[in-house]
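Okay, so here's the structure we're looking at.
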Amino acid sequence: MAQLILGPVLRHVDETSATIWLETDAPATVDVLGHTARTFCVRDHHYALVIVEGLAPGDSIPYEVALDGTVCWPLPDDPFPHCVIRTLDDGVKRVLFGSCRTAAPHEPPYTLALEHDPRGRGVDALREHALAMMHLPPREWPELALFLGDQVYADDSSPETRERVAERREGTPVEGLPSELVNDFDEYCWLYHESWSPAVERWFLSVVPTAMIFDDHEMIDDWNISDLWVRDIRAEPWWTEHVVGGLMSYWIYQHLGNLAPSEIRAEGMLDRLVELGDGEEYLREWALQSEQFTPVGGGYRFSFARRLGDVAVVIIDCRNGRVLQPGARSMVDEDEWAFVVERCMADARHVLIGTSLPVFVVGGVHDLQRWNERLCDGAWGRPGRRLGEKYRRELDLDHWPAFGRSFAAMVALLADVGNASRAARPASISVLSGDIHFTYQSKIEFPAQFDVATPVHQLVNSPMRNALRPHERATIRFALSRAGRAIARALRRSVREQPTKVTWQLDHGPVFDNCVGELTFEGENAKLCIERALVGDDDENGIEIVFEVDLTANRQPD
């Protein structure tokens, strides 16, 4: 008889439907609330996505999971509140967000303060938030959790996973593959099992709808940072198996659940996988086609959108779909950007734009990245190009300012969405990001000629669990300092790059601790709350509010 080995994970939920993802150890028919789905198989791994429809808006429905007629979830003697599907209504909306969450045991030494433990990752802020949720009624749980990159670390896994990988490769090493990298689809699956299996996290994922987008560490550090990087990595004998395994596992574990039932049916990939006896070759061919389009764009679209009532959520893939041609770099190609623009311009009371990499970076980092792109485009000739490429990789200079065309397009889009002339302009616009391992909030100031009436904020929450070590924090603090900003400004001027027309500063932060961000939307009002994970005595950890921000303050009246 089939057994449940991972999940259930509650994914897409709207007013009348929900999707539930899970993994089993054998083929089975899965039943949730009378709705059934057959598992599909990829390389002897078995998965299902159950689509539950016909629900009532604003309802809270307890659910169980059965495999071939036998209930397997909730687990016997489960200490957590019962799993429920909460369909959307026109009430308060709460959105949890963050990025960069490593998997490691929740016992010391991993939860000790980093100053005392060089391997420590700190207390898991997501886990602490979930523990606090257990004492709240379901109506106060988030309607959505946005994971903005680095849900798993393919190039920096836990000690336990590294030992397992080393044991698997003993006697059969992979030519040229760095020891810290997972190799193929099977090893990628181990990462998700380790991250999603612990009891608290598993319960959280079963009751809070989730949306996810990848960043570089789900594949490899510097993933698609430049056209030269792509050329170099494709020359490695291990790369094809690694990238194929990464994309296959990402589609199964993360992307499939991002889609609404209508989108899943229109795409047809899930139906095809269920039809096949084993979908490995089908999914492998898809992954090869998706990867081969980089660095010219035009491949599979991983960007997606959701609606939480009057809150529009638009998530941008700024990793896999890049155009990397020097002089014409873009985070996404023209077709994908048109999709983003259309979804952002739809009528909504609040607009959330999620992207794993920050658009508006603080301190001297923005000018440094603008300088770097000009260098890579030949501002200092051929030697400058080599120097620019070196710094681009070593310093991870691939945020939105390092893709100048996309940065300018994003500024123009935000100005259009929040323009005073729009009769249905939103009450707030928030750009949500992660990646940089410190948390901050910045309000974006537009010149008068832009005529922007809606408050626009850059909100970064990173990490949830991967806190920087002291020397790394010192580097960030220097980049944020007056001296760091002056040096970066001088470099920008040296390549005759003009300053940006919009301005912003560090309004709150930096916070270097593990955190989660929570947004609350109620009518015309929007609020940000940043919570920090705490190390307690005798491993009694907790969570506290670091700062709160009214995101609709000073909004111009309609």
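Residues are named by chain letter and number: chains run A, B, ... in the order of the structure tokens, numbers start at 1 in each chain, and ligands are numbered from 1 in the order shown.
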Would you list the contacts of Arg405 (chain A) as a PyMOL selection string, taking every protein, DNA or RNA residue within 10 Å and counting only C-alpha atoms, but skipping same-chain residues closer than 4 positions in sequence?
chain A and resi 327-331+400-401+409-410
Mind dumping the selected residues with C-alpha atoms as an mmCIF file, in the first residue's frame?
data_model
loop_
_atom_site.group_PDB
_atom_site.id
_atom_site.type_symbol
_atom_site.label_atom_id
_atom_site.label_comp_id
_atom_site.auth_asym_id
_atom_site.auth_seq_id
_atom_site.Cartn_x
_atom_site.Cartn_y
_atom_site.Cartn_z
ATOM 1 C CA GLY A 327 24.250 46.171 -24.352
ATOM 2 C CA ALA A 328 20.763 44.643 -24.273
ATOM 3 C CA ARG A 329 20.604 42.812 -20.953
ATOM 4 C CA SER A 330 17.125 42.226 -19.542
ATOM 5 C CA MET A 331 15.783 40.316 -16.592
ATOM 6 C CA TRP A 400 18.104 44.928 -11.241
ATOM 7 C CA PRO A 401 20.499 47.928 -11.483
ATOM 8 C CA ALA A 409 11.345 49.566 -17.413
ATOM 9 C CA MET A 410 10.385 48.717 -13.833
#
Considering only alpha helix (DSSP H) as DSSP defines it on the backbone, what residues of region 158-286 of chain A qualify? List them as a VMD selection string.
chain A and resid 159 to 169 185 to 196 199 to 207 227 to 234 239 to 250 261 to 267 269 to 275 280 to 286
Ser481 (chain A) surroundings by only C-alpha atoms, 12 Å radius, close-in-sequence under 2 positions cut, as a VMD selection string
chain A and resid 362 to 365 474 to 479 483 to 488 505 to 506 510
Selection near Asp89 (chain A), 10 Å with only C-alpha atoms, sequence-local residues under 4 positions removed, as a PDB file with N, CA, C and O atoms, in the first residue's frame:
ATOM      1  N   ASP A  14      -8.263  30.050  -4.110  1.00  0.00           N
ATOM      2  CA  ASP A  14      -9.030  31.260  -4.429  1.00  0.00           C
ATOM      3  C   ASP A  14     -10.398  31.162  -3.764  1.00  0.00           C
ATOM      4  O   ASP A  14     -10.548  30.476  -2.740  1.00  0.00           O
ATOM      5  N   GLU A  15     -11.403  31.820  -4.289  1.00  0.00           N
ATOM      6  CA  GLU A  15     -12.713  31.850  -3.640  1.00  0.00           C
ATOM      7  C   GLU A  15     -13.420  30.502  -3.673  1.00  0.00           C
ATOM      8  O   GLU A  15     -14.205  30.185  -2.760  1.00  0.00           O
ATOM      9  N   THR A  16     -13.175  29.679  -4.700  1.00  0.00           N
ATOM     10  CA  THR A  16     -13.973  28.451  -4.867  1.00  0.00           C
ATOM     11  C   THR A  16     -13.147  27.196  -5.118  1.00  0.00           C
ATOM     12  O   THR A  16     -13.724  26.135  -5.329  1.00  0.00           O
ATOM     13  N   ALA A  56     -17.165  27.044  -1.294  1.00  0.00           N
ATOM     14  CA  ALA A  56     -17.882  28.297  -1.066  1.00  0.00           C
ATOM     15  C   ALA A  56     -16.903  29.381  -0.631  1.00  0.00           C
ATOM     16  O   ALA A  56     -15.978  29.116   0.143  1.00  0.00           O
ATOM     17  N   PRO A  57     -17.064  30.623  -1.111  1.00  0.00           N
ATOM     18  CA  PRO A  57     -16.170  31.704  -0.684  1.00  0.00           C
ATOM     19  C   PRO A  57     -16.253  31.933   0.827  1.00  0.00           C
ATOM     20  O   PRO A  57     -17.311  31.797   1.441  1.00  0.00           O
ATOM     21  N   GLY A  58     -15.106  32.253   1.412  1.00  0.00           N
ATOM     22  CA  GLY A  58     -15.053  32.575   2.824  1.00  0.00           C
ATOM     23  C   GLY A  58     -15.292  31.404   3.747  1.00  0.00           C
ATOM     24  O   GLY A  58     -15.584  31.594   4.933  1.00  0.00           O
ATOM     25  N   ASP A  59     -15.121  30.193   3.258  1.00  0.00           N
ATOM     26  CA  ASP A  59     -15.362  29.002   4.077  1.00  0.00           C
ATOM     27  C   ASP A  59     -14.051  28.498   4.668  1.00  0.00           C
ATOM     28  O   ASP A  59     -12.960  28.836   4.197  1.00  0.00           O
ATOM     29  N   LYS A  93      -6.626  40.500   4.283  1.00  0.00           N
ATOM     30  CA  LYS A  93      -5.683  39.590   3.639  1.00  0.00           C
ATOM     31  C   LYS A  93      -4.311  39.735   4.297  1.00  0.00           C
ATOM     32  O   LYS A  93      -3.843  40.859   4.523  1.00  0.00           O
ATOM     33  N   LEU A 308      -5.601  37.832  -4.718  1.00  0.00           N
ATOM     34  CA  LEU A 308      -6.172  37.613  -3.398  1.00  0.00           C
ATOM     35  C   LEU A 308      -7.272  38.654  -3.219  1.00  0.00           C
ATOM     36  O   LEU A 308      -7.078  39.694  -2.596  1.00  0.00           O
ATOM     37  N   GLY A 309      -8.410  38.423  -3.844  1.00  0.00           N
ATOM     38  CA  GLY A 309      -9.464  39.423  -3.825  1.00  0.00           C
ATOM     39  C   GLY A 309      -9.003  40.675  -4.539  1.00  0.00           C
ATOM     40  O   GLY A 309      -8.710  40.659  -5.731  1.00  0.00           O
ATOM     41  N   ASP A 310      -8.912  41.788  -3.797  1.00  0.00           N
ATOM     42  CA  ASP A 310      -8.500  43.049  -4.414  1.00  0.00           C
ATOM     43  C   ASP A 310      -7.001  43.302  -4.303  1.00  0.00           C
ATOM     44  O   ASP A 310      -6.529  44.415  -4.507  1.00  0.00           O
TER      45      ASP A 310
END
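The spacing separating CA of Arg162 (chain A) from CA of Arg127 (chain A) amounts to 23.0 Å.
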Separation of CA of Ala423 (chain A) from CA of Ile444 (chain A) in Å
21.4 Å
Just want the 12 Å neighbourhood of Tyr250 (chain A), counted on only C-alpha atoms, with same-chain residues fewer than 2 positions away dropped. Output as an NGL selection string.
:A and (149-152 or 154 or 185 or 188-189 or 191-192 or 212-215 or 217-219 or 243-248 or 252-258 or 283 or 287 or 302 or 320)
Among region 24-125 of chain A, which ones does DSSP place in strand (DSSP E or B), written as a PyMOL selection string?
chain A and resi 24+29-32+35-38+40-42+45-52+60-62+65-67+70-73+84-86+93-98+101
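Of the listed residues A:Arg38, A:Arg385, A:His45, A:Arg301, the one whose atoms come nearest to His193 (chain A) is A:His45, with distances taken using only C-alpha atoms.
Neighbours of Glu336 (chain A) closer than or equal to 12 Å, with only C-alpha atoms counted and sequence neighbours fewer than 5 positions away skipped, come out as Gly297, Gly298, Gly299, Tyr300, Arg301, Phe302, Ser303, Phe304, Ala305, Val314, Ile315, Ile316, Asp317, Cys318, Asn320, Gly321, Arg322, Val323, Ser330, Met331, Val341, Glu342, Arg343 and Ser406 of chain A.
Remark: for Gln289 (chain A), the closest of the candidate residues A:Arg425, A:Thr240, A:Ser262, A:Pro209 is A:Thr240 (distances computed over only C-alpha atoms).
The neighbours of Glu548 (chain A) here are the residues that come within 8 Å of it, using only C-alpha atoms and leaving out any residue fewer than 3 positions away in the same chain; they are Lys527, Leu528, Cys529, Ile530 and Ile545 of chain A.
Of the listed residues (A:Lys390, A:Arg234, A:Arg482, A:His242), A:His242 comes nearest to Asp186 (chain A); the distances count only C-alpha atoms.
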